[in-house]
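**Student:** Sharing model_34.txt here; it has compact mmCIF, C-alpha atoms.
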```txt
# COMPACT_ATOMS: atom_id res chain seq x y z
CA MET V 1 -2.80 -32.35 -2.70
CA ASP V 2 -3.67 -28.97 -1.19
CA GLU V 3 -6.17 -26.83 -3.05
CA VAL V 4 -4.71 -23.94 -5.07
CA GLU V 5 -6.13 -20.59 -3.94
CA VAL V 6 -5.80 -17.55 -6.17
CA VAL V 7 -4.98 -14.73 -3.77
CA VAL V 8 -4.68 -12.00 -6.41
CA ALA V 9 -4.24 -12.11 -10.17
CA HIS V 10 -4.06 -9.50 -12.90
CA SER V 11 -2.04 -8.84 -16.04
CA GLU V 12 1.10 -7.77 -14.16
CA ARG V 13 1.44 -10.54 -11.58
CA ALA V 14 -0.35 -13.25 -9.65
CA THR V 15 -0.12 -14.76 -6.18
CA LEU V 16 -1.28 -18.32 -5.44
CA ARG V 17 -1.49 -20.17 -2.14
CA VAL V 18 -0.89 -23.90 -1.88
CA GLY V 19 -1.10 -25.05 1.72
CA ASP V 20 1.42 -23.03 3.72
CA VAL V 21 3.29 -21.79 0.65
CA PHE V 22 2.62 -18.67 -1.39
CA LEU V 23 3.76 -18.67 -5.02
CA LYS V 24 4.27 -15.23 -6.51
CA VAL V 25 4.50 -15.09 -10.30
CA ASP V 26 5.94 -11.85 -11.67
CA ALA V 27 7.42 -11.29 -15.11
CA ASP V 28 9.25 -8.19 -13.86
CA GLN V 29 12.41 -9.62 -12.33
CA ALA V 30 13.56 -6.20 -11.09
CA ARG V 31 10.43 -6.06 -8.95
CA VAL V 32 11.13 -9.52 -7.53
CA ASP V 33 14.76 -8.56 -6.88
CA ALA V 34 13.57 -5.49 -4.97
CA GLU V 35 11.17 -7.59 -2.90
CA VAL V 36 13.76 -10.18 -1.86
CA GLU V 37 16.31 -7.46 -1.08
CA ALA V 38 13.86 -5.43 0.99
CA MET V 39 12.73 -8.44 3.06
CA ALA V 40 16.36 -9.20 3.88
CA LEU V 41 16.98 -5.62 5.04
CA ALA V 42 13.71 -4.82 6.83
CA PRO V 43 13.94 -4.83 10.67
CA VAL V 44 10.41 -6.21 11.01
CA PRO V 45 9.04 -9.76 10.62
CA THR V 46 8.80 -10.85 6.97
CA PRO V 47 7.98 -14.16 5.25
CA GLU V 48 10.69 -16.77 4.83
CA VAL V 49 11.86 -17.12 1.22
CA LEU V 50 11.68 -20.86 0.47
CA TRP V 51 13.00 -20.84 -3.09
CA ARG V 52 13.15 -18.76 -6.20
CA GLU V 53 12.93 -19.93 -9.80
CA PRO V 54 12.14 -16.98 -12.10
CA PRO V 55 9.45 -15.93 -12.65
CA VAL V 56 8.24 -17.66 -9.43
CA LEU V 57 9.08 -16.71 -5.85
CA ALA V 58 7.97 -19.13 -3.10
CA ILE V 59 7.52 -17.81 0.42
CA ALA V 60 6.19 -19.36 3.62
CA ALA V 61 2.81 -18.35 5.02
CA LEU V 62 2.81 -16.13 8.11
CA PRO V 63 1.06 -17.05 11.36
CA GLY V 64 -2.07 -15.13 12.32
CA THR V 65 -4.43 -13.16 10.11
CA THR V 66 -4.34 -9.84 8.30
CA LEU V 67 -5.54 -6.69 10.04
CA GLY V 68 -8.37 -6.58 7.51
CA ARG V 69 -9.19 -5.48 3.98
CA LEU V 70 -10.22 -2.26 2.33
CA GLY V 71 -14.01 -1.97 2.26
CA GLU V 72 -14.49 -4.29 5.23
CA PRO V 73 -14.51 -3.48 8.97
CA SER V 74 -11.43 -4.62 10.84
CA THR V 75 -11.95 -6.92 13.82
CA ALA V 76 -8.43 -6.29 15.14
CA SER V 77 -8.08 -4.59 18.52
CA PRO V 78 -6.84 -1.01 19.02
CA THR V 79 -3.73 -2.56 20.59
CA ALA V 80 -3.05 -4.54 17.41
CA TRP V 81 -3.37 -1.39 15.30
CA ALA V 82 -0.98 0.39 17.66
CA ALA V 83 1.46 -2.52 17.42
CA ALA V 84 1.33 -2.17 13.64
CA GLY V 85 2.09 1.53 14.02
CA ALA V 86 5.12 0.69 16.17
CA ALA V 87 6.36 -1.83 13.57
CA ILE V 88 5.98 0.75 10.80
CA ARG V 89 7.99 3.26 12.86
CA LYS V 90 10.75 0.69 13.32
CA LEU V 91 10.88 0.24 9.55
CA HIS V 92 10.95 3.97 8.88
CA ASP V 93 13.79 4.49 11.38
CA ALA V 94 15.96 1.75 9.82
CA PRO V 95 19.02 2.49 7.64
CA LEU V 96 17.99 3.50 4.13
CA PRO V 97 17.85 0.75 1.48
CA PRO V 98 19.76 1.24 -1.79
CA ARG V 99 16.73 1.57 -4.05
CA GLN V 100 14.16 4.31 -4.47
CA GLY V 101 10.69 2.89 -3.83
CA GLN V 102 7.13 3.58 -4.91
CA ALA V 103 6.82 6.10 -2.09
CA GLY V 104 9.90 7.93 -3.37
CA ARG V 105 8.70 9.42 -6.65
CA SER V 106 9.78 13.02 -7.20
CA ILE V 107 7.36 15.87 -6.59
CA VAL V 108 7.66 16.96 -10.23
CA ALA V 109 6.90 13.47 -11.61
CA LEU V 110 4.08 12.88 -9.14
CA THR V 111 2.45 16.23 -9.89
CA ALA V 112 2.54 15.58 -13.61
CA GLU V 113 1.08 12.09 -13.17
CA LEU V 114 -1.65 13.36 -10.87
CA ASP V 115 -2.70 16.21 -13.16
CA ASP V 116 -2.81 13.89 -16.16
CA GLU V 117 -4.86 11.31 -14.26
CA CYS V 118 -7.32 13.91 -12.97
CA GLU V 119 -7.91 15.09 -16.53
CA ARG V 120 -8.50 11.51 -17.71
CA LEU V 121 -10.92 10.78 -14.86
CA VAL V 122 -13.08 13.76 -15.83
CA THR V 123 -12.72 13.52 -19.62
CA ASN V 124 -13.63 9.83 -19.62
CA GLY V 125 -16.55 10.34 -17.25
CA VAL V 126 -15.11 8.05 -14.57
CA LEU V 127 -15.66 10.54 -11.73
CA PRO V 128 -17.54 13.85 -11.40
CA ALA V 129 -15.46 16.97 -12.03
CA ASP V 130 -16.21 18.51 -8.61
CA LEU V 131 -15.11 15.34 -6.80
CA VAL V 132 -11.84 15.26 -8.74
CA ALA V 133 -11.21 18.99 -8.29
CA ARG V 134 -11.78 18.90 -4.53
CA ASN V 135 -9.49 15.91 -4.01
CA ARG V 136 -6.84 17.39 -6.30
CA GLN V 137 -6.90 20.41 -3.98
CA VAL V 138 -6.57 18.23 -0.89
CA ALA V 139 -3.76 16.20 -2.53
CA GLU V 140 -1.60 19.29 -2.91
CA ALA V 141 -0.43 19.02 0.72
CA ALA V 142 1.39 15.74 -0.09
CA LEU V 143 3.47 17.43 -2.80
CA ARG V 144 6.14 18.83 -0.50
CA PRO V 145 9.78 18.08 0.39
CA TRP V 146 10.23 15.04 2.67
CA THR V 147 13.06 13.25 4.43
CA PRO V 148 13.72 9.79 2.92
CA ALA V 149 12.82 6.77 5.03
CA PHE V 150 12.83 3.00 4.52
CA THR V 151 9.31 2.58 3.15
CA HIS V 152 7.24 -0.46 2.20
CA GLY V 153 5.56 1.33 -0.68
CA ASP V 154 2.31 -0.70 -0.73
CA LEU V 155 1.42 -0.99 2.95
CA GLN V 156 -2.22 -2.02 2.67
CA ILE V 157 -3.71 -3.51 5.83
CA ALA V 158 -4.08 -6.82 3.99
CA HIS V 159 -0.28 -6.97 3.90
CA VAL V 160 0.13 -6.83 7.71
CA PHE V 161 -0.44 -10.00 9.75
CA VAL V 162 -1.19 -10.10 13.46
CA ASP V 163 -1.72 -12.86 15.99
CA GLY V 164 -3.75 -11.38 18.82
CA ASP V 165 -2.08 -8.04 19.48
CA GLU V 166 1.32 -8.97 18.03
CA VAL V 167 2.53 -8.23 14.51
CA THR V 168 3.73 -11.51 13.01
CA GLY V 169 4.83 -10.27 9.62
CA ILE V 170 4.49 -7.92 6.66
CA ILE V 171 4.25 -9.19 3.08
CA ASP V 172 4.51 -7.87 -0.52
CA TRP V 173 7.71 -5.79 -0.53
CA SER V 174 8.08 -5.30 -4.29
CA GLU V 175 7.50 -1.52 -4.06
CA ALA V 176 9.86 -1.01 -1.09
CA GLY V 177 12.71 1.48 -0.99
CA ARG V 178 13.56 5.03 0.00
CA GLY V 179 10.46 7.19 0.19
CA ASP V 180 8.03 9.39 2.10
CA ALA V 181 7.14 7.80 5.45
CA LEU V 182 3.70 9.43 5.47
CA TYR V 183 2.86 7.69 2.19
CA ASP V 184 3.12 4.36 4.05
CA LEU V 185 0.98 5.57 6.96
CA ALA V 186 -1.66 6.92 4.59
CA THR V 187 -1.75 3.71 2.54
CA PHE V 188 -2.07 1.70 5.74
CA THR V 189 -5.02 3.72 7.05
CA LEU V 190 -6.78 4.32 3.70
CA GLY V 191 -10.48 3.60 4.19
CA HIS V 192 -9.91 2.95 7.91
CA GLU V 193 -9.73 6.49 9.24
CA GLU V 194 -11.27 5.35 12.51
CA HIS V 195 -8.03 3.51 13.35
CA LEU V 196 -5.64 6.36 12.53
CA ASP V 197 -5.35 7.50 16.17
CA ASP V 198 -4.44 3.95 17.26
CA VAL V 199 -1.77 3.70 14.57
CA ILE V 200 -0.30 7.07 15.54
CA ALA V 201 -0.30 6.03 19.22
CA GLY V 202 2.06 3.20 18.28
CA TYR V 203 3.99 5.13 15.63
CA GLY V 204 4.81 8.21 17.69
CA THR V 205 5.59 11.76 16.63
CA GLY V 206 6.12 13.37 13.25
CA VAL V 207 2.71 12.71 11.70
CA ASP V 208 1.13 15.61 9.80
CA LEU V 209 -2.58 14.80 9.48
CA ASP V 210 -3.05 17.17 6.54
CA VAL V 211 -0.42 15.22 4.62
CA ILE V 212 -2.07 11.89 5.55
CA HIS V 213 -5.39 13.20 4.23
CA ALA V 214 -3.63 14.47 1.11
CA TRP V 215 -2.09 11.05 0.41
CA TRP V 216 -5.52 9.41 0.82
CA SER V 217 -6.85 11.66 -1.94
CA LEU V 218 -3.75 11.40 -4.12
CA ARG V 219 -3.44 7.62 -3.95
CA SER V 220 -7.16 7.15 -4.62
CA LEU V 221 -7.16 9.51 -7.62
CA LEU V 222 -4.18 7.72 -9.16
CA ILE V 223 -5.50 4.19 -8.77
CA VAL V 224 -9.22 4.34 -9.63
CA ARG V 225 -8.82 3.78 -13.38
CA TRP V 226 -6.14 1.09 -12.88
CA LEU V 227 -8.44 -0.83 -10.55
CA ILE V 228 -11.33 -0.71 -13.00
CA GLU V 229 -9.12 -1.81 -15.91
CA HIS V 230 -7.80 -4.77 -13.88
CA GLY V 231 -11.16 -6.09 -12.72
CA PHE V 232 -11.40 -4.49 -9.28
CA ASP V 233 -14.17 -2.22 -7.99
CA PRO V 234 -13.09 1.10 -6.45
CA PHE V 235 -16.79 2.05 -6.18
CA ALA V 236 -17.49 -0.71 -3.63
CA PRO V 237 -18.56 0.58 -0.19
CA GLY V 238 -15.61 1.83 1.85
CA CYS V 239 -13.19 1.71 -1.06
CA GLU V 240 -11.32 4.40 -3.02
CA VAL V 241 -14.28 6.36 -4.38
CA ASP V 242 -15.85 6.54 -0.91
CA VAL V 243 -12.48 7.79 0.38
CA LEU V 244 -12.61 10.56 -2.21
CA ARG V 245 -16.21 11.42 -1.31
CA SER V 246 -15.26 11.71 2.36
CA ARG V 247 -13.10 14.75 1.52
CA MET V 248 -16.05 16.70 0.10
```
Take the structure I supplied and represent it as structure tokens, if you would.
**Tutor:**
Amino acid sequence: MDEVEVVVAHSERATLRVGDVFLKVDADQARVDAEVEAMALAPVPTPEVLWREPPVLAIAALPGTTLGRLGEPSTASPTAWAAAGAAIRKLHDAPLPPRQGQAGRSIVALTAELDDECERLVTNGVLPADLVARNRQVAEAALRPWTPAFTHGDLQIAHVFVDGDEVTGIIDWSEAGRGDALYDLATFTLGHEEHLDDVIAGYGTGVDLDVIHAWWSLRSLLIVRWLIEHGFDPFAPGCEVDVLRSRM
């Protein structure tokens, strides 16, 4: 019997790997529905769905390796990063999916959530007030009108697989839907600013760097407390708190 590897696990969901099969356990069936639907619609390589028995979704492993992980240097070539940028552009140019995704929250709702989170970060002593204030200022540029695109919604580099310089697949589509394309690009390059030019070379035009920087700050501010509460470390080198410090 193959060894069971815990890929990620927290109170909301868990992903296990057994041989060449990933088992995703998620009590939120709407989120699983969104993931299966998005993978069927996305014009980029995605994992094969092997079977589904709520609350478990079984998908096949993808060939190759991920581009890397937050907090660790990526060993992928500039060409591979550019290929990922081209794949992301293909997704963003596809016909819009029926659902609104994580990247599609309204400006009003996002602003309210951000202001509340900034207050909590300072009041609870999680982050220094000047660090929060500076990044809240930077984040303002993301709070603007945008044209909806087909977005992944959680496009971390660990979710993009490559074999050599070719993208072999993108995983974890539960947050996919209509949203701001630059949210995806910012999530993808978070903590890996040195590869942004390569990604843009593959992606093409229409990238506002001020908005990318704003999303880095905004996403990091919103997720620091969640990461701590779920057993992750946003203070690790190269992770979210370092991203916030880089804007000072």
**Student:** If we count all atoms listed in the file and set the cut-off at 9 Å, which residues sit around range 82-94 of chain V, ignoring sequence neighbours fewer than 2 positions away in its own chain? Please answer as a compact mmCIF listing (two decimals) with C-alpha atoms, in the coordinates of the input.
**Tutor:**
```txt
# COMPACT_ATOMS: atom_id res chain seq x y z
CA LEU V 41 16.98 -5.62 5.04
CA ALA V 42 13.71 -4.82 6.83
CA PRO V 43 13.94 -4.83 10.67
CA VAL V 44 10.41 -6.21 11.01
CA PRO V 45 9.04 -9.76 10.62
CA LEU V 67 -5.54 -6.69 10.04
CA SER V 77 -8.08 -4.59 18.52
CA PRO V 78 -6.84 -1.01 19.02
CA THR V 79 -3.73 -2.56 20.59
CA ALA V 80 -3.05 -4.54 17.41
CA LEU V 96 17.99 3.50 4.13
CA PRO V 97 17.85 0.75 1.48
CA PRO V 148 13.72 9.79 2.92
CA ALA V 149 12.82 6.77 5.03
CA PHE V 150 12.83 3.00 4.52
CA THR V 151 9.31 2.58 3.15
CA HIS V 152 7.24 -0.46 2.20
CA VAL V 160 0.13 -6.83 7.71
CA PHE V 161 -0.44 -10.00 9.75
CA VAL V 162 -1.19 -10.10 13.46
CA ASP V 165 -2.08 -8.04 19.48
CA GLU V 166 1.32 -8.97 18.03
CA VAL V 167 2.53 -8.23 14.51
CA ALA V 181 7.14 7.80 5.45
CA ASP V 184 3.12 4.36 4.05
CA LEU V 185 0.98 5.57 6.96
CA HIS V 195 -8.03 3.51 13.35
CA ASP V 197 -5.35 7.50 16.17
CA ASP V 198 -4.44 3.95 17.26
CA VAL V 199 -1.77 3.70 14.57
CA ILE V 200 -0.30 7.07 15.54
CA ALA V 201 -0.30 6.03 19.22
CA GLY V 202 2.06 3.20 18.28
CA TYR V 203 3.99 5.13 15.63
CA GLY V 204 4.81 8.21 17.69
```
**Student:** Excluding same-chain residues fewer than 6 positions from Glu3 in chain V, what lies within 12 Å of it counting only C-alpha atoms, as a PyMOL selection string?
**Tutor:** chain V and resi 16-21
**Student:** Would you compute the distance between CA of Arg134 in chain V and CA of Thr189 in chain V? Give it in Å to one decimal.
**Tutor:**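 Straight-line distance from CA of Arg134 in chain V to CA of Thr189 in chain V works out to 20.3 Å.
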**Student:** Hey, what's within 7 Å of Gly191 in chain V if we count only C-alpha atoms and toss same-chain stuff fewer than 4 positions away? As a JSON list (two decimals) with C-alpha atoms, in the frame of the given file, please?
**Tutor:**
```json
[["chain", "number", "residue", "atom", "x", "y", "z"],
["V", 70, "LEU", "CA", -10.22, -2.26, 2.33],
["V", 71, "GLY", "CA", -14.01, -1.97, 2.26],
["V", 238, "GLY", "CA", -15.61, 1.83, 1.85],
["V", 239, "CYS", "CA", -13.19, 1.71, -1.06],
["V", 243, "VAL", "CA", -12.48, 7.79, 0.38]]
```
**Student:** Around the point (5.6, -15.6, 7.7), in the coordinates given by the file, pick out the residues reaching within 10 Å, counting only C-alpha atoms, and return them as a PDB file with C-alpha atoms, in the frame of the given file.
**Tutor:**
```
ATOM      1  CA  ASP V  20       1.420 -23.030   3.720  1.00  0.00           C
ATOM      2  CA  VAL V  21       3.290 -21.790   0.650  1.00  0.00           C
ATOM      3  CA  PRO V  45       9.040  -9.760  10.620  1.00  0.00           C
ATOM      4  CA  THR V  46       8.800 -10.850   6.970  1.00  0.00           C
ATOM      5  CA  PRO V  47       7.980 -14.160   5.250  1.00  0.00           C
ATOM      6  CA  GLU V  48      10.690 -16.770   4.830  1.00  0.00           C
ATOM      7  CA  VAL V  49      11.860 -17.120   1.220  1.00  0.00           C
ATOM      8  CA  ILE V  59       7.520 -17.810   0.420  1.00  0.00           C
ATOM      9  CA  ALA V  60       6.190 -19.360   3.620  1.00  0.00           C
ATOM     10  CA  ALA V  61       2.810 -18.350   5.020  1.00  0.00           C
ATOM     11  CA  LEU V  62       2.810 -16.130   8.110  1.00  0.00           C
ATOM     12  CA  PRO V  63       1.060 -17.050  11.360  1.00  0.00           C
ATOM     13  CA  GLY V  64      -2.070 -15.130  12.320  1.00  0.00           C
ATOM     14  CA  PHE V 161      -0.440 -10.000   9.750  1.00  0.00           C
ATOM     15  CA  THR V 168       3.730 -11.510  13.010  1.00  0.00           C
ATOM     16  CA  GLY V 169       4.830 -10.270   9.620  1.00  0.00           C
ATOM     17  CA  ILE V 170       4.490  -7.920   6.660  1.00  0.00           C
ATOM     18  CA  ILE V 171       4.250  -9.190   3.080  1.00  0.00           C
TER      19      ILE V 171
END
```
**Student:** So, counting only C-alpha atoms, which residue among V:Arg120, V:Phe22, V:Gly206, V:Arg69 is closest to Leu190 in chain V?
**Tutor:**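 The shortest atom-to-atom distance to Leu190 in chain V comes from V:Arg69.
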**Student:** Of the candidates V:Glu117, V:Asp180, V:Asp242, V:Glu194, which shows the shortest atom-to-atom distance to Leu222 in chain V, using all atoms listed in the file?
**Tutor:**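 Smallest separation from Leu222 in chain V among the options: V:Glu117.
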**Student:** Tell me which of V:Val126, V:Ala30, V:Leu23, V:Val138 sits closest to Pro234 in chain V, counting all atoms listed in the file.
**Tutor:** V:Val126
**Student:** Counting all atoms listed in the file, which of V:Ala34, V:Val122, V:His192, V:Val25 gets nearest to Ala9 in chain V?
**Tutor:**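 For Ala9 in chain V, the nearest of the given residues is V:Val25.
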**Student:** With range 107-111 of chain V as the partner and 9 Å as the cut-off, tabulate the residues of range 130-232 of chain V that qualify, each row holding the nearest pair of atoms and their distance in Å to one decimal, using all atoms listed in the file, sorted by chain and rising number, as a tab-separated table.
**Tutor:**
```
residue	atom	partner	partner_atom	distance
V:Glu140	CA	V:Thr111	CA	8.6
V:Ala142	CA	V:Ile107	CA	8.8
V:Leu143	CA	V:Ile107	CA	5.7
V:Arg144	CA	V:Ile107	CA	6.9
V:Pro145	CA	V:Ile107	CA	7.7
```
**Student:** Do a neighbour search on Glu37 in chain V at 10 Å with all atoms listed in the file, toss out local chain neighbours closer than 2 positions, and write the hits as number ranges by chain.
**Tutor:** V: 31-35, 39-42, 97-99, 173-174, 176-177
**Student:** In Å, rounded to a single decimal, give me how far CA of Ser11 in chain V is from CA of Asp26 in chain V.
**Tutor:** 9.6 Å
